[in-house]
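Below is one structure, written out as structure tokens; the observations come after it.
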Amino acid sequence: MRYSNLLFKSNLKHIPIKLMPAIIATAPGKAILFGEHAVVYKRPAIAVPVTKVRSKAIIVANPIGGKNKVTIEAPDINLFSTLEELDLNHPIAVAIHLMMKKLNISELPAFSLRVTSTIPIASGLGSSASTAIVIIRALNDFIGGNLSNKEINQLAFEVEIIHHGTPSGIDNSVITSSQPVFFITGKRIQRLKVGVPLRFIIGNTGIKSLTSDIVAEVKKEWQINPQAYEVIFNRIRQITLEAKKIIAKGDKKELGQLMNKNHEALQDLNVSCKELDILVNAAKQAGALGAKLCGAGRGGNMISLIENNTAPIVEKALMDAGAISIITTLVKRI
Ligand code: PMV
């Protein structure tokens, strides 16, 4: 969140192109290292920010616009609209209206909002939460809302409910804090201790999958066979608790093994798919210390833990095995 002077092209003919104050908010993507799905059932999970991909919101005041004249541009999803014309259930409209409610305001000063993101959509890297957070942060600055990070996180969670139905809250929490987190729904978010820098390669299957659909399917299966699913969720809890200790200790070899075990548990939950399994195996065969799907699954991304010197080999193996894109990310020692 910061003020900046941007060269902003005015679309109003009688206002020359000039320097206008703009408010910019940016936020990273995220990857779940351990515990996806089980986290919806109150088990712990571990997630890290992915800073190579980001979403960004820019707000520029429109000095001659009337009250409530808000224009919205989100070119990545081909959205060019006014707030008035936007579907009330659209996540951007939801974010703005939640902010107005929270700040107890019924009118907005005129402004234009531009939202962009390099986070792949519907791919398990937190694009929806990240976008909600930048919109809320930029608006908070623009209106002078003075909301704390905790309040911004809570509002982003409410927007996530529109996307995910029953989100655990891990996406908005890790992205708001921009730090590795140990997360249990309803409990205080814990910063994770990281004993050694951890380098990951994330590979995208290119298959878009809707988190809300997969979470709903897991719920259906859990309702049919609660005992079997509870056993798997408990297995994932044990893996996640162990991973928390191992990350603090900095034992990368052991951590890789735990990622492999978590992937097996996710296969048992039936949320992996052929394309994810192919990428996970390709990474391991190329020398990754461990690999697993990350996020809701059935497409989207997988994540592998690597040693520095194996990065090019693992990257090539993933591309050869069908990944449409690769992101490398480093989690620093904390
Ligand atoms: O696919 P993503 O990035 O939205 O991650 C979803 C993680 C789940 O545990 C499957 C759902 C949740 O809300 O925690």
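By order of appearance in the structure tokens: chains A, B, ..., then residues from 1 within every chain, and ligands from 1 in the order shown.
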Please identify every residue of chain A that has at least one atom no farther than 8 Å from an atom of ligand 1, counting only C-alpha atoms and all ligand atoms, and for each give the shortest atom pair and the distance in Å to one decimal, arranged by chain then increasing number, as CSV.
residue,atom,partner,partner_atom_place_in_ligand_line,distance
A:Lys30,CA,ligand 1,3 (O),7.3
A:Ala31,CA,ligand 1,3 (O),7.0
A:Ile32,CA,ligand 1,5 (O),7.1
A:Gly35,CA,ligand 1,9 (O),7.0
A:Glu36,CA,ligand 1,9 (O),3.6
A:His37,CA,ligand 1,9 (O),3.7
A:Ala38,CA,ligand 1,9 (O),6.5
A:Val39,CA,ligand 1,9 (O),5.5
A:Val40,CA,ligand 1,14 (O),5.3
A:Ala122,CA,ligand 1,1 (O),6.9
A:Ser123,CA,ligand 1,1 (O),6.2
A:Gly124,CA,ligand 1,3 (O),3.2
A:Leu125,CA,ligand 1,3 (O),4.7
A:Gly126,CA,ligand 1,3 (O),4.5
A:Ser127,CA,ligand 1,3 (O),7.5
A:Ser128,CA,ligand 1,4 (O),7.7
A:His164,CA,ligand 1,13 (O),6.7
A:Thr166,CA,ligand 1,13 (O),6.4
A:Pro167,CA,ligand 1,13 (O),3.3
A:Ser168,CA,ligand 1,13 (O),3.9
A:Gly169,CA,ligand 1,13 (O),5.8
A:Ile170,CA,ligand 1,14 (O),5.6
A:Asp171,CA,ligand 1,3 (O),6.6
A:Ser209,CA,ligand 1,1 (O),7.8
A:Leu210,CA,ligand 1,1 (O),7.3
A:Thr211,CA,ligand 1,1 (O),4.9
A:Ser212,CA,ligand 1,11 (C),7.8
A:Ile214,CA,ligand 1,10 (C),7.3
A:Val215,CA,ligand 1,10 (C),5.8
A:Cys294,CA,ligand 1,3 (O),7.3
A:Gly295,CA,ligand 1,5 (O),3.6
A:Ala296,CA,ligand 1,1 (O),3.8
A:Gly297,CA,ligand 1,1 (O),6.7
A:Gly300,CA,ligand 1,1 (O),7.6
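Excluding Val94 in chain A itself and same-chain residues fewer than 2 positions from it, the residues having an atom within 10 Å of it are Leu86, Asp87, Leu88, Asn89, His90, Pro91, Ile92, Ile96, His97, Leu98, Met99, Met100, Ala132, Leu155, Ala156, Glu158, Val159, Glu160 and Ile162 of chain A, counting only C-alpha atoms.
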Deliver the residues from the most recent selection as a file, using all heavy atoms, as a CSV table (one decimal), in the first residue's frame.
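As written to disk, result_10.csv reads:
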chain,number,residue,atom,x,y,z
A,86,LEU,N,-22.3,-3.3,-12.5
A,86,LEU,CA,-21.7,-4.6,-12.2
A,86,LEU,C,-22.7,-5.4,-11.3
A,86,LEU,O,-23.3,-4.9,-10.4
A,86,LEU,CB,-20.4,-4.3,-11.4
A,86,LEU,CG,-19.4,-5.5,-11.2
A,86,LEU,CD1,-18.9,-6.0,-12.6
A,86,LEU,CD2,-18.2,-5.0,-10.4
A,87,ASP,N,-22.7,-6.7,-11.7
A,87,ASP,CA,-23.6,-7.7,-10.9
A,87,ASP,C,-23.2,-7.6,-9.4
A,87,ASP,O,-22.0,-7.6,-9.0
A,87,ASP,CB,-23.3,-9.1,-11.4
A,87,ASP,CG,-24.1,-10.2,-10.7
A,87,ASP,OD1,-24.7,-9.9,-9.7
A,87,ASP,OD2,-24.2,-11.3,-11.3
A,88,LEU,N,-24.2,-7.5,-8.6
A,88,LEU,CA,-24.0,-7.3,-7.1
A,88,LEU,C,-23.2,-8.4,-6.5
A,88,LEU,O,-22.5,-8.3,-5.5
A,88,LEU,CB,-25.3,-7.1,-6.4
A,88,LEU,CG,-25.9,-5.8,-6.4
A,88,LEU,CD1,-27.3,-5.8,-5.7
A,88,LEU,CD2,-25.0,-4.7,-5.7
A,89,ASN,N,-23.3,-9.6,-7.2
A,89,ASN,CA,-22.5,-10.8,-6.6
A,89,ASN,C,-21.1,-10.9,-7.2
A,89,ASN,O,-20.4,-11.9,-6.8
A,89,ASN,CB,-23.3,-12.1,-7.0
A,89,ASN,CG,-24.5,-12.2,-6.1
A,89,ASN,OD1,-24.4,-11.8,-4.9
A,89,ASN,ND2,-25.6,-12.7,-6.6
A,90,HIS,N,-20.8,-10.0,-8.1
A,90,HIS,CA,-19.4,-10.1,-8.6
A,90,HIS,C,-18.4,-9.8,-7.5
A,90,HIS,O,-18.7,-8.9,-6.7
A,90,HIS,CB,-19.2,-9.1,-9.8
A,90,HIS,CG,-17.9,-9.3,-10.5
A,90,HIS,ND1,-16.7,-8.9,-10.0
A,90,HIS,CD2,-17.7,-9.8,-11.7
A,90,HIS,CE1,-15.8,-9.3,-10.9
A,90,HIS,NE2,-16.3,-9.8,-11.9
A,91,PRO,N,-17.4,-10.6,-7.4
A,91,PRO,CA,-16.4,-10.5,-6.2
A,91,PRO,C,-15.9,-9.0,-6.1
A,91,PRO,O,-15.7,-8.6,-4.9
A,91,PRO,CB,-15.3,-11.4,-6.5
A,91,PRO,CG,-15.9,-12.4,-7.5
A,91,PRO,CD,-17.0,-11.8,-8.2
A,92,ILE,N,-15.7,-8.3,-7.2
A,92,ILE,CA,-15.2,-6.9,-7.1
A,92,ILE,C,-16.3,-6.0,-6.4
A,92,ILE,O,-16.0,-5.2,-5.5
A,92,ILE,CB,-14.7,-6.4,-8.4
A,92,ILE,CG1,-13.6,-7.2,-8.9
A,92,ILE,CG2,-14.4,-4.9,-8.3
A,92,ILE,CD1,-13.0,-6.7,-10.3
A,96,ILE,N,-16.2,-4.1,-2.7
A,96,ILE,CA,-16.4,-2.7,-2.5
A,96,ILE,C,-17.6,-2.4,-1.6
A,96,ILE,O,-17.5,-1.6,-0.7
A,96,ILE,CB,-16.7,-2.0,-3.9
A,96,ILE,CG1,-15.4,-2.1,-4.8
A,96,ILE,CG2,-17.1,-0.5,-3.7
A,96,ILE,CD1,-15.6,-1.5,-6.2
A,97,HIS,N,-18.7,-3.2,-1.8
A,97,HIS,CA,-19.8,-3.0,-0.9
A,97,HIS,C,-19.6,-3.4,0.6
A,97,HIS,O,-20.0,-2.8,1.5
A,97,HIS,CB,-21.1,-3.7,-1.5
A,97,HIS,CG,-21.6,-3.0,-2.7
A,97,HIS,ND1,-21.8,-3.7,-3.9
A,97,HIS,CD2,-21.9,-1.8,-2.9
A,97,HIS,CE1,-22.2,-2.8,-4.8
A,97,HIS,NE2,-22.3,-1.6,-4.2
A,98,LEU,N,-18.7,-4.5,0.7
A,98,LEU,CA,-18.4,-4.9,2.1
A,98,LEU,C,-17.6,-3.8,2.8
A,98,LEU,O,-17.7,-3.5,4.0
A,98,LEU,CB,-17.6,-6.2,2.1
A,98,LEU,CG,-18.4,-7.5,2.0
A,98,LEU,CD1,-17.4,-8.6,1.8
A,98,LEU,CD2,-19.2,-7.7,3.2
A,99,MET,N,-16.7,-3.1,2.0
A,99,MET,CA,-15.9,-2.0,2.5
A,99,MET,C,-16.8,-0.9,3.0
A,99,MET,O,-16.6,-0.3,4.0
A,99,MET,CB,-14.9,-1.5,1.5
A,99,MET,CG,-13.6,-2.1,1.4
A,99,MET,SD,-12.7,-1.9,3.0
A,99,MET,CE,-12.0,-0.3,2.8
A,100,MET,N,-17.8,-0.6,2.1
A,100,MET,CA,-18.7,0.6,2.4
A,100,MET,C,-19.4,0.3,3.7
A,100,MET,O,-19.6,1.1,4.6
A,100,MET,CB,-19.7,0.8,1.3
A,100,MET,CG,-19.0,1.4,0.0
A,100,MET,SD,-20.1,1.5,-1.4
A,100,MET,CE,-21.2,2.8,-0.9
A,132,ALA,N,-9.0,-9.8,-4.0
A,132,ALA,CA,-9.9,-9.2,-3.0
A,132,ALA,C,-9.1,-8.3,-2.1
A,132,ALA,O,-9.5,-7.2,-1.8
A,132,ALA,CB,-10.6,-10.3,-2.3
A,155,LEU,N,-12.4,-9.1,5.8
A,155,LEU,CA,-13.3,-8.7,4.7
A,155,LEU,C,-12.9,-9.6,3.5
A,155,LEU,O,-13.8,-10.0,2.8
A,155,LEU,CB,-13.0,-7.2,4.4
A,155,LEU,CG,-13.6,-6.2,5.3
A,155,LEU,CD1,-13.3,-4.8,4.9
A,155,LEU,CD2,-15.2,-6.4,5.4
A,156,ALA,N,-11.6,-9.9,3.3
A,156,ALA,CA,-11.2,-10.7,2.1
A,156,ALA,C,-11.8,-12.1,2.3
A,156,ALA,O,-12.3,-12.7,1.3
A,156,ALA,CB,-9.7,-10.8,2.0
A,158,GLU,N,-14.6,-12.8,3.7
A,158,GLU,CA,-16.1,-12.7,3.4
A,158,GLU,C,-16.3,-12.7,1.8
A,158,GLU,O,-17.2,-13.3,1.3
A,158,GLU,CB,-16.7,-11.5,4.0
A,158,GLU,CG,-16.9,-11.6,5.5
A,158,GLU,CD,-17.3,-10.4,6.2
A,158,GLU,OE1,-18.2,-9.7,5.7
A,158,GLU,OE2,-16.8,-10.1,7.3
A,159,VAL,N,-15.3,-12.1,1.1
A,159,VAL,CA,-15.4,-12.1,-0.4
A,159,VAL,C,-15.1,-13.6,-0.8
A,159,VAL,O,-15.8,-14.1,-1.7
A,159,VAL,CB,-14.3,-11.2,-1.0
A,159,VAL,CG1,-14.5,-11.2,-2.5
A,159,VAL,CG2,-14.5,-9.8,-0.5
A,160,GLU,N,-14.2,-14.3,-0.2
A,160,GLU,CA,-13.8,-15.7,-0.5
A,160,GLU,C,-15.0,-16.6,-0.4
A,160,GLU,O,-15.2,-17.5,-1.1
A,160,GLU,CB,-12.7,-16.2,0.4
A,160,GLU,CG,-11.3,-15.7,0.0
A,160,GLU,CD,-10.8,-16.4,-1.2
A,160,GLU,OE1,-10.2,-17.4,-1.1
A,160,GLU,OE2,-11.0,-15.8,-2.3
A,162,ILE,N,-17.9,-16.0,-1.3
A,162,ILE,CA,-18.6,-15.9,-2.6
A,162,ILE,C,-18.0,-16.9,-3.6
A,162,ILE,O,-18.7,-17.6,-4.4
A,162,ILE,CB,-18.6,-14.5,-3.2
A,162,ILE,CG1,-19.0,-13.5,-2.2
A,162,ILE,CG2,-19.3,-14.4,-4.5
A,162,ILE,CD1,-20.5,-13.5,-1.9
With only C-alpha atoms as the atoms that count, which of A:Ser304, A:Thr185, A:Asn204, A:Asn270 lies nearest to Ala286 in chain A?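 Closest candidate: A:Ser304.
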Extract the full set of alpha helix (DSSP H) residues from range 83-273 of chain A according to DSSP on the backbone, and format it as number ranges by chain. A: 91-102, 127-143, 149-164, 170-177, 211-224, 226-249, 252-268
Among the residues of range 111-296 of chain A, find those DSSP assigns to strand (DSSP E or B) from the backbone and print them as a compact mmCIF listing (two decimals) with N, CA and C atoms, in the first residue's frame.
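Result saved to selection18.txt:
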# COMPACT_ATOMS: atom_id res chain seq x y z
N PHE A 111 -14.16 7.60 -8.57
CA PHE A 111 -12.79 7.10 -8.82
C PHE A 111 -12.82 6.02 -9.88
N SER A 112 -11.63 5.75 -10.43
CA SER A 112 -11.55 4.57 -11.29
C SER A 112 -10.61 3.56 -10.64
N LEU A 113 -11.01 2.31 -10.75
CA LEU A 113 -10.26 1.20 -10.15
C LEU A 113 -9.80 0.30 -11.28
N ARG A 114 -8.50 -0.01 -11.27
CA ARG A 114 -7.97 -0.95 -12.27
C ARG A 114 -7.35 -2.12 -11.53
N VAL A 115 -7.78 -3.32 -11.85
CA VAL A 115 -7.27 -4.52 -11.17
C VAL A 115 -6.59 -5.42 -12.19
N THR A 116 -5.35 -5.79 -11.92
CA THR A 116 -4.64 -6.72 -12.81
C THR A 116 -3.96 -7.78 -11.95
N SER A 117 -3.63 -8.91 -12.57
CA SER A 117 -2.96 -9.95 -11.80
C SER A 117 -2.16 -10.86 -12.72
N VAL A 181 2.75 -19.31 6.92
CA VAL A 181 1.87 -19.42 8.09
C VAL A 181 1.51 -20.87 8.40
N PHE A 182 1.28 -21.09 9.68
CA PHE A 182 0.69 -22.33 10.18
C PHE A 182 -0.73 -21.93 10.58
N PHE A 183 -1.70 -22.62 9.99
CA PHE A 183 -3.07 -22.11 10.06
C PHE A 183 -4.05 -23.18 10.51
N GLN A 190 -0.45 -18.44 13.01
CA GLN A 190 0.93 -18.47 13.53
C GLN A 190 1.93 -18.28 12.39
N ARG A 191 2.90 -17.39 12.62
CA ARG A 191 4.01 -17.28 11.67
C ARG A 191 4.85 -18.55 11.78
N LEU A 198 14.14 -22.33 1.62
CA LEU A 198 13.52 -23.44 0.89
C LEU A 198 13.19 -22.97 -0.53
N ARG A 199 13.67 -23.72 -1.51
CA ARG A 199 13.41 -23.34 -2.90
C ARG A 199 12.39 -24.31 -3.51
N PHE A 200 11.39 -23.74 -4.13
CA PHE A 200 10.33 -24.57 -4.71
C PHE A 200 10.18 -24.27 -6.19
N ILE A 201 9.75 -25.28 -6.93
CA ILE A 201 9.31 -25.05 -8.32
C ILE A 201 7.85 -25.47 -8.40
N ILE A 202 7.06 -24.55 -8.93
CA ILE A 202 5.62 -24.79 -9.06
C ILE A 202 5.33 -25.02 -10.54
N GLY A 203 4.64 -26.11 -10.83
CA GLY A 203 4.34 -26.43 -12.24
C GLY A 203 2.83 -26.41 -12.46
N ASN A 204 2.42 -25.77 -13.55
CA ASN A 204 0.99 -25.60 -13.83
C ASN A 204 0.52 -26.62 -14.87
N GLY A 290 10.90 -33.70 -3.05
CA GLY A 290 9.53 -34.11 -2.79
C GLY A 290 8.60 -33.27 -3.65
N ALA A 291 7.37 -33.76 -3.86
CA ALA A 291 6.43 -32.99 -4.68
C ALA A 291 5.00 -33.38 -4.33
N LYS A 292 4.11 -32.45 -4.55
CA LYS A 292 2.69 -32.70 -4.27
C LYS A 292 1.83 -31.71 -5.05
N LEU A 293 0.57 -32.04 -5.19
CA LEU A 293 -0.35 -31.04 -5.75
C LEU A 293 -0.49 -29.92 -4.73
N CYS A 294 -0.87 -28.72 -5.17
CA CYS A 294 -1.11 -27.67 -4.17
C CYS A 294 -2.40 -26.93 -4.50
Could you state the separation of CA of Ile121 in chain A and CA of Val50 in chain A in Å, given to one decimal place?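 We find that CA of Ile121 in chain A and CA of Val50 in chain A lie 14.2 Å from each other.
Rounded to one decimal, CA of Ala95 in chain A and CA of Ile152 in chain A lie 10.3 Å from each other.
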Using only C-alpha atoms: which of A:Lys332, A:Lys220, A:Lys245, A:Lys102 has the shortest distance to Asn146 in chain A: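 Answer, going by the shortest atom-to-atom distance: A:Lys102.
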Could you state the separation of CA of Ala265 in chain A and CA of Ile232 in chain A in Å, given to one decimal place?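 Between CA of Ala265 in chain A and CA of Ile232 in chain A the gap is 6.4 Å.
Proximity of A:Ala57, A:Ile46, A:Ile326, A:Ile207 to Ile239 in chain A, computed with only C-alpha atoms, is greatest for A:Ile46.
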9 Å contact set for Val314 in chain A, only C-alpha atoms, chain neighbours under 5 positions out, as a list of chain:residue names: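 Answer for this query is A:Ile201, A:Ala282, A:Ala283, A:Lys284, A:Gln285, A:Ala286, A:Gly287, A:Ala288, A:Ser304, A:Ile306, A:Met319.
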